[in-house]
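**Student:** Just dropping this structure here.
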There are 2 protein chains.
Amino acid sequence: MKPNIKDIARLAGVSPTTVSRVMNNRGYISEKTRKKVNQAMKELNYFPNELARSLYHQRTRFIGLIFPTISNPFFGELVFHIENICASMGYKVLLCNSLDRVDKERSYLEMLQRNQVDGIIVGAHNRHISEYQSIDLPIVAIDRYLSERIPVVASDNFQGGILATRWLIDQGCRHIIHINGPRKLETPANRRRDGYERTIEEHGRIPLTYEIPKSLIYHENVKTVRKIFAERPEVDGIFASDDLLAATVISEAKKCHKPDLKVVGYDGTETVRICLPQLTTIKQPIHEIAETAVQLLVAQKNNEMTDRKKEIILPVELVEGRVQAGPNNIEDS
Amino acid sequence: MKPNIKDIARLAGVSPTTVSRVMNNRGYISEKTRKKVNQAMKELNYFPNELARSLYHQRTRFIGLIFPTISNPFFGELVFHIENICASMGYKVLLCNSLDRVDKERSYLEMLQRNQVDGIIVGAHNRHISEYQSIDLPIVAIDRYLSERIPVVASDNFQGGILATRWLIDQGCRHIIHINGPRKLETPANRRRDGYERTIEEHGRIPLTYEIPKSLIYHENVKTVRKIFAERPEVDGIFASDDLLAATVISEAKKCHKPDLKVVGYDGTETVRICLPQLTTIKQPIHEIAETAVQLLVAQKNNEMTDRKKEIILPVELVEGRVQAGPNNIEDS
DNA sequence: TTGTAGGCGTTATCAA
DNA sequence: TTGATAACGCCTACAA
């Protein structure tokens, strides 16, 4: 079996207390004993049991992360950064992919509480999860409203919608359509739609938004895009609410011989930039979002949340697709 | 503070033992007490402390995952599936992004041991980490050789290399180049190169492999691709060792007016399929890899590893890029 | 400078 | 059917 503090104590010929002191650098220890103890720890390949420590200190340094799916590159990169930042601060990360399913989100939430996490960062949310209101733990939401007292970090979705729409207008598009998730979900991401609709209206046109039933199922996207092309053959500009959707629009456009269609996405992940550099998109400050979320979480732990804002909005940026040489590009024909 | 088992016992007017029995359905309990206890648990919004449980049972149901970075869609999707499978079996996942850095991998390894994980799945490996040999824990490696006794799950890299190369030959390519990571890393992924070189030689040609210094840095890829185009202007086929690299090749090819260059990638993630459906690639069975890895881990825990193979190789599949309509595609001009 | 004892929250054994 | 007790591994008062 794994050695414990007593085994070390026995081998070093001291008491467990002394071993503990050596490990934690507390109080006075003679050089001699320190060496003996360290020696014994090496010899037995000893690792202190964090569980026992956590139990005593009532503090685990675990952070729970609940996101729909890290398969999506936006969440993948976001979680990547969050984990990195947490690790640099001595926190460990418990990963949960909720798949946007209420039952999974619920059971993860319970699991995290049972495991005494110090805090939770949530990027997923099914309505009807009232549990969030009764959780007595630091929580930060990313791009979701969970409850009154839970702070939110989000990119400037409204501004993103404006930038995207303006760009399409500047490109000379006359019939601009927006595709997004269901309206009823009151997420900040819906403000992308508001930005689009406002901008379209400011130009004296009529906005038109298509809603996708379930964004996690890829084929739903394809179906929606085809429907749009069928119902609105005049469309010459599309603002898609995320890059994968935009990618789908682009490949469907190729299939349907619509080389003049302009597309703008949302997210601006590295992965998509590499795979689809010609895509114009609204780039979220993924690293800053991660950093802000972790900071807010730590601030809550330390009760430093006195006069802080409950919603932090970070600026976005329109990144133009790289126009590529040759006759091979949807953007430049 | 959070209520504990004693609080429940007090409120229900029973002993902690009884509460424990109710929670775990052990021994005989009268319906009356069961109800009282359940009532008390609801009232205090009680969650049993898994830490204490784990301490007692010497079993945490934590699984540690060490991967270079879940930003990469291959690892992202792999970790996604692993987490899913683990969750369905009641395991929780501690996520570690090692960034291919020795120091990070080392400290994660220590962290996981301190936190008493029940097992580790490793998809990262820097040489010179001897620790793997001394860890007394179930470990499974994905596409890496860590030590003699650590089982490996991998896709059929050799076959993948053959399929990719053959396809390029079938497309009529005369000058086929392979791009891969450093040779000295003795990973199964290097067998992709073996498959390529063998196939090229079988066709009486001379293989040519370019090595990339660090694959995590995107710009390194661009540099290597440009170097290839400069040094080997005659190249008309490239087998890239992963899809992001292949994507880079494609966009650089567009920039350099090489519409006839054929490219094959490796991985076949959903994300890349969506963003770059025209890319031909060797598709790894990501879900099966995840499933096999978890199974092997559990088998080790239960000492069922008697006559099992130490290396499990799963079949790959060549997925042809979807030729798209219009003059917009590198594959069909 | 070092050791003893009690407790962190839970469970299993044994006794009642 | 229920309860007291010791144990899981560690840490911190308090004592020596």
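Each chain in the structure tokens gets a letter, A, B, ..., in the order shown, and its residues are numbered from 1; ligands are numbered from 1 in order too.
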Counting only C-alpha atoms (C1' of nucleotides), which residues of chain D come no farther than 7 Å from chain A, as a PyMOL selection string?
**Tutor:** chain D and resi 9-11
**Student:** Residues of chain C that have any atom at most 10 Å from an atom of chain A: could you tabulate them with the shortest-distance atom pair and the distance in Å to one decimal, using only C-alpha atoms (C1' of nucleotides), ordered by chain and increasing number, as a tab-separated table?
**Tutor:**
residue	atom	partner	partner_atom	distance
C:DT1	C1'	A:Ile29	CA	6.2
C:DT2	C1'	A:Thr18	CA	6.9
C:DG3	C1'	A:Ser15	CA	6.4
C:DT4	C1'	A:Thr17	CA	9.4
C:DG7	C1'	A:Tyr56	CA	8.1
C:DC8	C1'	A:Tyr56	CA	4.3
C:DG9	C1'	A:Leu55	CA	7.6
**Student:** I'd like a table as a tab-separated table: residues in chain A with an atom no more than 7 Å from chain B, each row giving the shortest atom pair and its distance in Å to one decimal, only C-alpha atoms counted, sorted by chain and rising residue number.
**Tutor:**
residue	atom	partner	partner_atom	distance
A:Phe47	CA	B:Arg114	CA	5.5
A:Pro48	CA	B:Arg114	CA	5.8
A:Asn49	CA	B:Arg114	CA	5.2
A:Glu50	CA	B:Asn115	CA	5.1
A:Leu51	CA	B:Leu51	CA	6.1
A:Ala52	CA	B:Leu55	CA	6.7
A:Leu55	CA	B:Leu51	CA	6.6
A:Thr69	CA	B:Phe80	CA	6.8
A:Ile70	CA	B:Phe80	CA	6.0
A:Ser71	CA	B:Glu77	CA	4.8
A:Pro73	CA	B:Pro73	CA	6.7
A:Gly76	CA	B:Ser71	CA	5.4
A:Glu77	CA	B:Ser71	CA	4.8
A:Phe80	CA	B:Ile70	CA	6.0
A:Val93	CA	B:Leu94	CA	5.6
A:Leu94	CA	B:Leu94	CA	4.8
A:Leu95	CA	B:Val93	CA	5.8
A:Gln113	CA	B:Phe47	CA	6.9
A:Arg114	CA	B:Asn49	CA	5.2
A:Asn115	CA	B:Glu50	CA	5.1
A:Gln116	CA	B:Asn49	CA	6.9
A:Leu244	CA	B:Cys275	CA	6.6
A:Ala247	CA	B:Cys275	CA	5.2
A:Thr248	CA	B:Ile274	CA	6.4
A:Lys254	CA	B:Ala325	CA	5.8
A:Lys255	CA	B:Ala325	CA	5.1
A:His257	CA	B:Gly326	CA	5.9
A:Val272	CA	B:Cys275	CA	6.9
A:Ile274	CA	B:Thr248	CA	6.4
A:Cys275	CA	B:Ala247	CA	5.2
A:Leu276	CA	B:Cys275	CA	6.3
A:Gln324	CA	B:Lys255	CA	5.7
A:Ala325	CA	B:Lys255	CA	5.1
A:Gly326	CA	B:His257	CA	5.9
A:Pro327	CA	B:Asn328	CA	6.3
A:Asn328	CA	B:Asn328	CA	4.0
A:Asn329	CA	B:Asn328	CA	5.1
A:Ile330	CA	B:Asn328	CA	6.0
**Student:** By how many Å are atom CA of Glu288 of chain B and atom CA of Phe158 of chain B apart?
**Tutor:** 17.8 Å
**Student:** Which value, in Å to one decimal, gives the distance between atom CA of Ala12 of chain A and atom CA of Leu109 of chain B?
**Tutor:**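 If I compute the distance from atom CA of Ala12 of chain A to atom CA of Leu109 of chain B, I get 25.5 Å.
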**Student:** So that I can check the surroundings of Ile120 of chain B, please list as a list in words every protein, DNA and RNA residue that reaches within 8 Å of it, counting only C-alpha atoms (C1' of nucleotides) and ignoring chain neighbours fewer than 3 positions away.
**Tutor:**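 The contact residues come out as Ile63, Gly64, Leu65, Ile66, Val117, Leu137, Pro138, Ile139, Val140 and Leu297 of chain B.
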**Student:** Print the selection's residues with N, CA and C atoms to a file, as a tab-separated table (two decimals), in the first residue's frame.
**Tutor:**
chain	number	residue	atom	x	y	z
B	63	ILE	N	-10.19	10.30	-12.10
B	63	ILE	CA	-9.27	9.87	-13.16
B	63	ILE	C	-8.51	11.11	-13.62
B	64	GLY	N	-7.21	11.01	-13.68
B	64	GLY	CA	-6.41	12.14	-14.18
B	64	GLY	C	-6.19	12.02	-15.67
B	65	LEU	N	-6.31	13.14	-16.36
B	65	LEU	CA	-6.05	13.16	-17.81
B	65	LEU	C	-4.91	14.13	-18.10
B	66	ILE	N	-3.85	13.64	-18.70
B	66	ILE	CA	-2.76	14.53	-19.09
B	66	ILE	C	-2.64	14.54	-20.60
B	117	VAL	N	-5.80	9.99	-7.29
B	117	VAL	CA	-6.61	9.54	-8.43
B	117	VAL	C	-6.55	8.02	-8.53
B	137	LEU	N	0.12	2.94	-9.99
B	137	LEU	CA	-1.26	3.31	-10.29
B	137	LEU	C	-1.62	2.77	-11.67
B	138	PRO	N	-2.89	2.48	-11.90
B	138	PRO	CA	-3.29	2.15	-13.27
B	138	PRO	C	-3.02	3.34	-14.20
B	139	ILE	N	-2.34	3.08	-15.28
B	139	ILE	CA	-2.08	4.11	-16.29
B	139	ILE	C	-2.35	3.53	-17.66
B	140	VAL	N	-2.89	4.34	-18.53
B	140	VAL	CA	-3.03	3.96	-19.93
B	140	VAL	C	-2.48	5.10	-20.77
B	297	LEU	N	-8.08	0.96	-18.38
B	297	LEU	CA	-7.80	1.52	-17.06
B	297	LEU	C	-8.58	0.75	-15.99
